[in-house]
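Visitor: File my_file.cif follows (mmCIF, N, CA and C atoms):
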```
data_coords
loop_
_atom_site.label_atom_id
_atom_site.label_comp_id
_atom_site.auth_asym_id
_atom_site.auth_seq_id
_atom_site.Cartn_x
_atom_site.Cartn_y
_atom_site.Cartn_z
N MET A 11 95.95 22.95 141.60
CA MET A 11 96.15 21.52 141.42
C MET A 11 94.89 20.94 140.78
N SER A 12 95.08 20.13 139.73
CA SER A 12 93.94 19.55 139.04
C SER A 12 93.32 18.43 139.88
N LEU A 13 92.12 18.06 139.48
CA LEU A 13 91.42 17.00 140.20
C LEU A 13 92.21 15.70 140.17
N GLN A 14 92.80 15.42 139.03
CA GLN A 14 93.57 14.18 138.90
C GLN A 14 94.75 14.16 139.87
N GLN A 15 95.42 15.28 140.03
CA GLN A 15 96.55 15.36 140.98
C GLN A 15 96.05 15.22 142.42
N GLU A 16 94.92 15.85 142.72
CA GLU A 16 94.36 15.74 144.07
C GLU A 16 93.99 14.29 144.39
N VAL A 17 93.40 13.61 143.41
CA VAL A 17 92.99 12.21 143.60
C VAL A 17 94.22 11.33 143.82
N MET A 18 95.28 11.58 143.05
CA MET A 18 96.50 10.78 143.19
C MET A 18 97.11 10.98 144.59
N ALA A 19 97.12 12.22 145.07
CA ALA A 19 97.66 12.49 146.40
C ALA A 19 96.81 11.80 147.46
N ALA A 20 95.50 11.85 147.30
CA ALA A 20 94.60 11.19 148.26
C ALA A 20 94.76 9.67 148.19
N MET A 21 95.02 9.14 146.99
CA MET A 21 95.23 7.69 146.86
C MET A 21 96.48 7.25 147.62
N LYS A 22 97.54 8.03 147.54
CA LYS A 22 98.77 7.70 148.27
C LYS A 22 98.49 7.66 149.77
N THR A 23 97.75 8.65 150.24
CA THR A 23 97.41 8.71 151.67
C THR A 23 96.57 7.50 152.06
N ALA A 24 95.58 7.15 151.22
CA ALA A 24 94.71 6.01 151.52
C ALA A 24 95.49 4.70 151.50
N MET A 25 96.45 4.59 150.59
CA MET A 25 97.27 3.38 150.53
C MET A 25 98.11 3.23 151.80
N LYS A 26 98.69 4.35 152.23
CA LYS A 26 99.51 4.31 153.45
C LYS A 26 98.67 3.97 154.67
N ALA A 27 97.43 4.46 154.69
CA ALA A 27 96.54 4.21 155.82
C ALA A 27 95.82 2.86 155.70
N LYS A 28 96.01 2.19 154.56
CA LYS A 28 95.35 0.91 154.29
C LYS A 28 93.83 1.02 154.37
N ASP A 29 93.31 2.15 153.87
CA ASP A 29 91.87 2.41 153.85
C ASP A 29 91.31 1.92 152.52
N GLN A 30 90.78 0.70 152.52
CA GLN A 30 90.31 0.07 151.28
C GLN A 30 89.08 0.76 150.69
N THR A 31 88.19 1.26 151.53
CA THR A 31 86.99 1.94 151.04
C THR A 31 87.36 3.22 150.30
N ALA A 32 88.22 4.02 150.92
CA ALA A 32 88.65 5.27 150.28
C ALA A 32 89.42 4.97 149.01
N LEU A 33 90.25 3.95 149.05
CA LEU A 33 91.05 3.59 147.89
C LEU A 33 90.16 3.18 146.71
N ALA A 34 89.12 2.40 146.99
CA ALA A 34 88.20 1.98 145.92
C ALA A 34 87.49 3.19 145.32
N ALA A 35 87.07 4.12 146.17
CA ALA A 35 86.37 5.31 145.69
C ALA A 35 87.31 6.18 144.84
N LEU A 36 88.53 6.35 145.31
CA LEU A 36 89.49 7.18 144.58
C LEU A 36 89.89 6.55 143.25
N ARG A 37 89.99 5.24 143.24
CA ARG A 37 90.30 4.55 141.98
C ARG A 37 89.16 4.72 140.99
N ALA A 38 87.92 4.75 141.48
CA ALA A 38 86.77 4.96 140.60
C ALA A 38 86.84 6.34 139.96
N ILE A 39 87.22 7.35 140.75
CA ILE A 39 87.35 8.71 140.21
C ILE A 39 88.43 8.73 139.15
N LYS A 40 89.57 8.15 139.47
CA LYS A 40 90.70 8.15 138.53
C LYS A 40 90.30 7.45 137.23
N SER A 41 89.62 6.35 137.34
CA SER A 41 89.18 5.59 136.18
C SER A 41 88.25 6.41 135.30
N GLU A 42 87.26 7.07 135.91
CA GLU A 42 86.31 7.88 135.15
C GLU A 42 87.01 9.05 134.46
N ILE A 43 87.97 9.65 135.13
CA ILE A 43 88.71 10.77 134.53
C ILE A 43 89.49 10.28 133.31
N LEU A 44 90.17 9.15 133.46
CA LEU A 44 90.94 8.60 132.35
C LEU A 44 90.04 8.23 131.17
N LEU A 45 88.87 7.66 131.47
CA LEU A 45 87.92 7.31 130.41
C LEU A 45 87.44 8.58 129.68
N ALA A 46 87.13 9.62 130.44
CA ALA A 46 86.65 10.86 129.84
C ALA A 46 87.73 11.51 128.97
N GLN A 47 88.98 11.45 129.44
CA GLN A 47 90.08 12.00 128.65
C GLN A 47 90.27 11.22 127.36
N THR A 48 90.15 9.92 127.44
CA THR A 48 90.31 9.07 126.27
C THR A 48 89.20 9.33 125.25
N GLU A 49 87.96 9.47 125.75
CA GLU A 49 86.82 9.72 124.87
C GLU A 49 86.96 11.07 124.16
N SER A 50 87.36 12.09 124.90
CA SER A 50 87.45 13.42 124.30
C SER A 50 88.73 13.57 123.49
N GLY A 51 89.71 12.71 123.72
CA GLY A 51 90.96 12.76 122.96
C GLY A 51 91.85 13.93 123.33
N SER A 52 91.58 14.54 124.48
CA SER A 52 92.38 15.70 124.88
C SER A 52 93.50 15.26 125.82
N ALA A 53 94.71 15.55 125.43
CA ALA A 53 95.86 15.19 126.26
C ALA A 53 96.05 16.21 127.38
N ASP A 54 95.49 17.43 127.21
CA ASP A 54 95.69 18.47 128.23
C ASP A 54 94.85 18.23 129.48
N GLY A 55 93.84 17.42 129.39
CA GLY A 55 93.01 17.16 130.55
C GLY A 55 91.59 17.65 130.33
N LEU A 56 90.82 17.61 131.39
CA LEU A 56 89.42 17.99 131.34
C LEU A 56 89.22 19.38 131.92
N THR A 57 88.12 20.00 131.54
CA THR A 57 87.79 21.29 132.13
C THR A 57 87.25 21.04 133.54
N GLU A 58 87.22 22.09 134.33
CA GLU A 58 86.72 21.95 135.70
C GLU A 58 85.25 21.52 135.70
N GLU A 59 84.49 22.01 134.73
CA GLU A 59 83.07 21.65 134.63
C GLU A 59 82.91 20.16 134.34
N GLN A 60 83.74 19.62 133.46
CA GLN A 60 83.68 18.19 133.15
C GLN A 60 84.06 17.37 134.37
N GLU A 61 85.07 17.82 135.10
CA GLU A 61 85.49 17.11 136.31
C GLU A 61 84.36 17.09 137.34
N LEU A 62 83.67 18.23 137.51
CA LEU A 62 82.56 18.30 138.46
C LEU A 62 81.45 17.33 138.07
N LYS A 63 81.15 17.25 136.77
CA LYS A 63 80.11 16.34 136.31
C LYS A 63 80.47 14.89 136.64
N ILE A 64 81.73 14.55 136.42
CA ILE A 64 82.18 13.18 136.70
C ILE A 64 82.04 12.86 138.18
N VAL A 65 82.52 13.75 139.02
CA VAL A 65 82.49 13.50 140.46
C VAL A 65 81.05 13.44 140.97
N SER A 66 80.20 14.37 140.53
CA SER A 66 78.81 14.35 141.00
C SER A 66 78.08 13.11 140.50
N LYS A 67 78.42 12.64 139.29
CA LYS A 67 77.81 11.42 138.76
C LYS A 67 78.19 10.22 139.63
N LEU A 68 79.45 10.16 140.03
CA LEU A 68 79.90 9.05 140.87
C LEU A 68 79.22 9.06 142.23
N VAL A 69 79.06 10.24 142.82
CA VAL A 69 78.39 10.34 144.12
C VAL A 69 76.94 9.89 143.98
N LYS A 70 76.28 10.34 142.92
CA LYS A 70 74.88 9.98 142.69
C LYS A 70 74.75 8.47 142.51
N GLN A 71 75.65 7.86 141.75
CA GLN A 71 75.60 6.41 141.55
C GLN A 71 75.70 5.67 142.88
N ARG A 72 76.63 6.11 143.73
CA ARG A 72 76.81 5.44 145.02
C ARG A 72 75.57 5.59 145.90
N LYS A 73 75.00 6.78 145.93
CA LYS A 73 73.82 7.02 146.76
C LYS A 73 72.62 6.24 146.25
N ASP A 74 72.46 6.18 144.93
CA ASP A 74 71.36 5.41 144.35
C ASP A 74 71.51 3.93 144.68
N SER A 75 72.72 3.42 144.57
CA SER A 75 72.98 2.01 144.90
C SER A 75 72.66 1.74 146.36
N ALA A 76 73.10 2.64 147.24
CA ALA A 76 72.84 2.47 148.67
C ALA A 76 71.34 2.46 148.95
N THR A 77 70.60 3.32 148.28
CA THR A 77 69.15 3.37 148.46
C THR A 77 68.51 2.05 148.06
N ILE A 78 68.94 1.51 146.94
CA ILE A 78 68.40 0.23 146.47
C ILE A 78 68.74 -0.88 147.45
N PHE A 79 69.98 -0.89 147.94
CA PHE A 79 70.38 -1.92 148.90
C PHE A 79 69.58 -1.81 150.20
N LYS A 80 69.31 -0.60 150.65
CA LYS A 80 68.52 -0.43 151.87
C LYS A 80 67.10 -0.91 151.68
N GLU A 81 66.53 -0.65 150.50
CA GLU A 81 65.17 -1.12 150.22
C GLU A 81 65.10 -2.64 150.26
N GLN A 82 66.19 -3.28 149.92
CA GLN A 82 66.25 -4.74 149.91
C GLN A 82 66.79 -5.30 151.23
N ASN A 83 66.87 -4.44 152.25
CA ASN A 83 67.37 -4.82 153.57
C ASN A 83 68.78 -5.42 153.51
N ARG A 84 69.64 -4.80 152.71
CA ARG A 84 71.03 -5.23 152.60
C ARG A 84 71.94 -4.13 153.12
N GLU A 85 71.88 -3.88 154.41
CA GLU A 85 72.71 -2.84 155.03
C GLU A 85 74.19 -3.11 154.84
N ASP A 86 74.56 -4.41 154.78
CA ASP A 86 75.96 -4.77 154.59
C ASP A 86 76.51 -4.26 153.26
N LEU A 87 75.66 -4.12 152.26
CA LEU A 87 76.09 -3.60 150.97
C LEU A 87 75.90 -2.09 150.86
N ALA A 88 74.95 -1.56 151.61
CA ALA A 88 74.66 -0.12 151.54
C ALA A 88 75.76 0.70 152.23
N GLU A 89 76.28 0.21 153.33
CA GLU A 89 77.29 0.96 154.09
C GLU A 89 78.54 1.31 153.28
N PRO A 90 79.15 0.33 152.57
CA PRO A 90 80.34 0.69 151.77
C PRO A 90 80.03 1.72 150.68
N GLU A 91 78.84 1.62 150.09
CA GLU A 91 78.45 2.57 149.04
C GLU A 91 78.37 3.98 149.61
N LEU A 92 77.75 4.12 150.78
CA LEU A 92 77.65 5.44 151.41
C LEU A 92 79.01 5.97 151.83
N ALA A 93 79.87 5.07 152.29
CA ALA A 93 81.23 5.48 152.69
C ALA A 93 82.00 5.97 151.46
N GLN A 94 81.85 5.27 150.35
CA GLN A 94 82.52 5.71 149.12
C GLN A 94 81.96 7.04 148.64
N ALA A 95 80.65 7.22 148.74
CA ALA A 95 80.03 8.48 148.34
C ALA A 95 80.59 9.63 149.16
N GLU A 96 80.81 9.36 150.44
CA GLU A 96 81.38 10.39 151.33
C GLU A 96 82.79 10.77 150.90
N VAL A 97 83.60 9.77 150.55
CA VAL A 97 84.97 10.02 150.11
C VAL A 97 84.97 10.82 148.80
N ILE A 98 84.13 10.40 147.86
CA ILE A 98 84.08 11.06 146.55
C ILE A 98 83.58 12.49 146.67
N SER A 99 82.60 12.72 147.55
CA SER A 99 82.01 14.06 147.67
C SER A 99 82.99 15.09 148.23
N GLN A 100 84.12 14.65 148.77
CA GLN A 100 85.15 15.59 149.22
C GLN A 100 85.69 16.42 148.07
N PHE A 101 85.57 15.91 146.85
CA PHE A 101 86.10 16.60 145.68
C PHE A 101 85.07 17.50 145.01
N LEU A 102 83.86 17.58 145.59
CA LEU A 102 82.83 18.49 145.09
C LEU A 102 82.89 19.80 145.86
N PRO A 103 82.45 20.89 145.23
CA PRO A 103 82.36 22.14 146.01
C PRO A 103 81.31 21.98 147.10
N GLU A 104 81.35 22.85 148.08
CA GLU A 104 80.40 22.77 149.19
C GLU A 104 78.97 22.88 148.65
N GLN A 105 78.12 21.97 149.10
CA GLN A 105 76.74 21.93 148.64
C GLN A 105 75.93 23.07 149.27
N LEU A 106 75.05 23.65 148.46
CA LEU A 106 74.22 24.75 148.93
C LEU A 106 73.04 24.20 149.72
N SER A 107 72.52 25.02 150.64
CA SER A 107 71.34 24.62 151.40
C SER A 107 70.10 24.79 150.52
N GLU A 108 68.98 24.22 150.97
CA GLU A 108 67.74 24.32 150.19
C GLU A 108 67.30 25.77 150.03
N GLU A 109 67.53 26.58 151.06
CA GLU A 109 67.14 28.00 150.99
C GLU A 109 67.94 28.72 149.91
N GLU A 110 69.24 28.43 149.83
CA GLU A 110 70.09 29.06 148.83
C GLU A 110 69.70 28.62 147.42
N VAL A 111 69.38 27.34 147.27
CA VAL A 111 68.93 26.83 145.98
C VAL A 111 67.61 27.47 145.59
N GLU A 112 66.72 27.60 146.57
CA GLU A 112 65.41 28.21 146.33
C GLU A 112 65.56 29.64 145.83
N ALA A 113 66.50 30.39 146.40
CA ALA A 113 66.73 31.78 145.97
C ALA A 113 67.19 31.82 144.51
N VAL A 114 68.06 30.90 144.12
CA VAL A 114 68.54 30.84 142.74
C VAL A 114 67.39 30.44 141.81
N VAL A 115 66.55 29.51 142.25
CA VAL A 115 65.41 29.07 141.44
C VAL A 115 64.44 30.22 141.21
N VAL A 116 64.13 30.98 142.27
CA VAL A 116 63.22 32.12 142.14
C VAL A 116 63.79 33.15 141.16
N ALA A 117 65.08 33.41 141.28
CA ALA A 117 65.73 34.36 140.36
C ALA A 117 65.67 33.85 138.92
N ALA A 118 65.86 32.56 138.72
CA ALA A 118 65.81 31.98 137.38
C ALA A 118 64.40 32.03 136.80
N ILE A 119 63.40 31.83 137.64
CA ILE A 119 62.00 31.88 137.18
C ILE A 119 61.68 33.28 136.67
N THR A 120 62.09 34.30 137.41
CA THR A 120 61.82 35.67 136.97
C THR A 120 62.66 36.01 135.73
N LYS A 121 63.89 35.51 135.66
CA LYS A 121 64.76 35.78 134.51
C LYS A 121 64.18 35.19 133.24
N VAL A 122 63.70 33.94 133.33
CA VAL A 122 63.15 33.25 132.17
C VAL A 122 61.73 33.72 131.87
N GLY A 123 61.04 34.18 132.91
CA GLY A 123 59.64 34.58 132.75
C GLY A 123 58.72 33.37 132.73
N ALA A 124 59.08 32.36 133.50
CA ALA A 124 58.30 31.12 133.53
C ALA A 124 56.95 31.36 134.19
N GLU A 125 55.91 30.72 133.61
CA GLU A 125 54.56 30.92 134.13
C GLU A 125 53.93 29.64 134.65
N GLY A 126 54.48 28.50 134.33
CA GLY A 126 53.89 27.24 134.78
C GLY A 126 54.82 26.08 134.53
N MET A 127 54.26 24.89 134.70
CA MET A 127 55.06 23.66 134.55
C MET A 127 55.61 23.50 133.14
N LYS A 128 54.98 24.12 132.16
CA LYS A 128 55.45 23.99 130.78
C LYS A 128 56.82 24.63 130.60
N ASP A 129 57.20 25.53 131.50
CA ASP A 129 58.49 26.22 131.42
C ASP A 129 59.55 25.59 132.33
N MET A 130 59.25 24.42 132.88
CA MET A 130 60.18 23.80 133.83
C MET A 130 61.54 23.52 133.18
N GLY A 131 61.55 23.07 131.95
CA GLY A 131 62.80 22.75 131.26
C GLY A 131 63.70 23.97 131.13
N LYS A 132 63.11 25.11 130.80
CA LYS A 132 63.89 26.35 130.66
C LYS A 132 64.52 26.73 132.00
N VAL A 133 63.71 26.66 133.05
CA VAL A 133 64.18 27.04 134.39
C VAL A 133 65.27 26.07 134.84
N MET A 134 65.06 24.77 134.64
CA MET A 134 66.04 23.76 135.05
C MET A 134 67.38 23.98 134.33
N GLY A 135 67.31 24.32 133.05
CA GLY A 135 68.53 24.57 132.29
C GLY A 135 69.34 25.70 132.87
N VAL A 136 68.67 26.80 133.19
CA VAL A 136 69.35 27.97 133.75
C VAL A 136 69.93 27.66 135.13
N VAL A 137 69.12 27.02 135.97
CA VAL A 137 69.54 26.72 137.35
C VAL A 137 70.68 25.71 137.36
N ASN A 138 70.57 24.66 136.56
CA ASN A 138 71.63 23.64 136.51
C ASN A 138 72.95 24.22 136.05
N GLN A 139 72.89 25.14 135.10
CA GLN A 139 74.11 25.77 134.62
C GLN A 139 74.74 26.63 135.72
N GLU A 140 73.90 27.32 136.46
CA GLU A 140 74.39 28.22 137.50
C GLU A 140 74.91 27.46 138.72
N LEU A 141 74.27 26.35 139.06
CA LEU A 141 74.63 25.61 140.28
C LEU A 141 75.39 24.32 140.00
N ALA A 142 76.08 24.23 138.89
CA ALA A 142 76.78 23.00 138.51
C ALA A 142 77.65 22.48 139.65
N GLY A 143 77.30 21.29 140.15
CA GLY A 143 78.10 20.65 141.20
C GLY A 143 77.83 21.16 142.60
N LYS A 144 77.07 22.25 142.73
CA LYS A 144 76.84 22.83 144.05
C LYS A 144 75.54 22.37 144.69
N ALA A 145 74.69 21.71 143.89
CA ALA A 145 73.41 21.22 144.42
C ALA A 145 73.01 19.97 143.65
N ASP A 146 72.28 19.11 144.31
CA ASP A 146 71.80 17.87 143.73
C ASP A 146 70.66 18.18 142.76
N GLY A 147 70.67 17.53 141.60
CA GLY A 147 69.64 17.75 140.59
C GLY A 147 68.24 17.43 141.08
N LYS A 148 68.15 16.42 141.94
CA LYS A 148 66.85 16.03 142.48
C LYS A 148 66.27 17.14 143.36
N THR A 149 67.12 17.75 144.17
CA THR A 149 66.70 18.86 145.03
C THR A 149 66.25 20.04 144.18
N ILE A 150 67.03 20.34 143.15
CA ILE A 150 66.69 21.46 142.27
C ILE A 150 65.34 21.21 141.61
N ALA A 151 65.14 20.01 141.08
CA ALA A 151 63.88 19.68 140.39
C ALA A 151 62.69 19.79 141.33
N THR A 152 62.85 19.32 142.56
CA THR A 152 61.76 19.39 143.53
C THR A 152 61.37 20.83 143.82
N ILE A 153 62.38 21.69 144.00
CA ILE A 153 62.12 23.10 144.32
C ILE A 153 61.49 23.80 143.11
N VAL A 154 61.97 23.50 141.90
CA VAL A 154 61.42 24.12 140.69
C VAL A 154 59.95 23.71 140.54
N LYS A 155 59.65 22.43 140.73
CA LYS A 155 58.26 21.95 140.63
C LYS A 155 57.37 22.67 141.64
N ALA A 156 57.85 22.81 142.86
CA ALA A 156 57.07 23.46 143.91
C ALA A 156 56.78 24.93 143.55
N LYS A 157 57.77 25.60 142.99
CA LYS A 157 57.62 27.02 142.67
C LYS A 157 56.73 27.25 141.44
N LEU A 158 56.78 26.33 140.49
CA LEU A 158 56.02 26.52 139.25
C LEU A 158 54.58 26.01 139.34
N SER A 159 54.28 25.19 140.31
CA SER A 159 52.90 24.67 140.38
C SER A 159 52.02 25.50 141.28
#
```
Please render this file's structure as C-alpha cells.

Guide:
Amino acid sequence: MSLQQEVMAAMKTAMKAKDQTALAALRAIKSEILLAQTESGSADGLTEEQELKIVSKLVKQRKDSATIFKEQNREDLAEPELAQAEVISQFLPEQLSEEEVEAVVVAAITKVGAEGMKDMGKVMGVVNQELAGKADGKTIATIVKAKLS
C-alpha cells in the first residue's frame, strides 16, 4: 500500500474519531504529496525515497516550530505541533538509536577514507543516503563531527 493510501485510510479513522490534531497532520501529508506529484508531473506517484523525504521534512518542521514556541514560553502552541509530529512520524520507518547511527558513521568514514573535518561532506553524503528516513540529520551531523574531530 502506498503512502497516499495509508494516509487516506488514517484520515478516515481520524474523521470518525473526531481527532482534529491527527486530521490536520494527515491533511498536511496529503497536501505535500499532491504538491510533489504536481511538481514532478508524474501521474504514477512518488518513489518511496521521495515519500520518506516529505514525511521527515514535515516532522522536522513540526519539531522546529515546537522548539521555537517553547523558547517563547508558548506551551499552548507547542503541544499541538508535537502532537502532529507524533502522528506524522508514524509513517516513517523505525528510527535508529545513536549507537546504530554511530556504527554506520564509522563504517562510512573508513569507506570514504575521511581524515578530518574537511571530509565531513563526503561522509554525510554516504551516511544520509544509507540512513534515509531512519535517523535525524541533526543526530547524524553531530556524530560525524564528533568522529572526525

Visitor: Would you please work out which residue, of A:Ala124, A:Ala93, A:Leu102, A:Leu68, is nearest to Leu33 (chain A) when using only C-alpha atoms?

Guide: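 Once distances to Leu33 (chain A) are computed over only C-alpha atoms, the minimum belongs to A:Ala93.
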
Visitor: From the list A:Ala76, A:Ala34, A:Leu158, A:Val114, which residue is nearest Val137 (chain A) when using only C-alpha atoms?

Guide: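 When distances to Val137 (chain A) are compared using only C-alpha atoms, the smallest one comes from A:Val114.
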
Visitor: Just list as a PyMOL selection string whatever in region 48-157 of chain A DSSP marks as helix (DSSP H, G or I).

Guide: chain A and resi 48-50+58-81+85-99+108-122+127-140+147-157

Visitor: Could you tell me which of A:Thr152, A:Gln100, A:Ser107, A:Ser159 comes closest to Glu125 (chain A) if we count all atoms listed in the file?

Guide: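 Among A:Thr152, A:Gln100, A:Ser107, A:Ser159, it is A:Ser159 that comes nearest to Glu125 (chain A).
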
Visitor: Please evaluate the PyMOL selection byres ((chain A and resi 105) around 7) against the structure above and give the resulting residues as a VMD selection string.

Guide: chain A and resid 102 to 104 106 to 107 143 to 146

Visitor: For the atom pair atom N of Ala142 (chain A) and atom N of Lys63 (chain A), what is the interatomic distance in Å to one decimal place?

Guide: 8.9 Å

Visitor: Find the distance between CA of Gln15 (chain A) and CA of Gln60 (chain A) and write it in Å to one decimal.

Guide: 15.3 Å

Visitor: What is the atom C of Gly55 (chain A) to atom N of Gly135 (chain A) distance in Å?

Guide: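 Separating atom C of Gly55 (chain A) from atom N of Gly135 (chain A) is a distance of 25.3 Å.
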
Visitor: Evaluate the PyMOL selection byres (((chain A and resi 73 and name CA) around 10) and name CA) against this structure - the residues, as an MDAnalysis selection string, please.

Guide: chainID A and resid 67:72 74:79 88 91:96

Visitor: Out of A:Val111, A:Leu141, A:Ala24, A:Val136, which residue has the shortest atom-to-atom distance to Ile153 (chain A) when counting all atoms listed in the file?

Guide: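 Residue with the minimum atom-to-atom distance to Ile153 (chain A): A:Val111.
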
Visitor: Determine the residue membership of the PyMOL selection byres (((chain A and resi 154 and name CA) around 9) and name CA) for the file above and supply it as a ChimeraX atom specification.

Guide: /A:112,115-116,119,127,130,133-134,149-153,155-159

Visitor: So which one's closest to Ala38 (chain A), A:Val97, A:Gln82, A:Ala19, A:Glu89? Using only C-alpha atoms, please.

Guide: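 Going through A:Val97, A:Gln82, A:Ala19, A:Glu89 one by one, the smallest distance to Ala38 (chain A) is for A:Val97.
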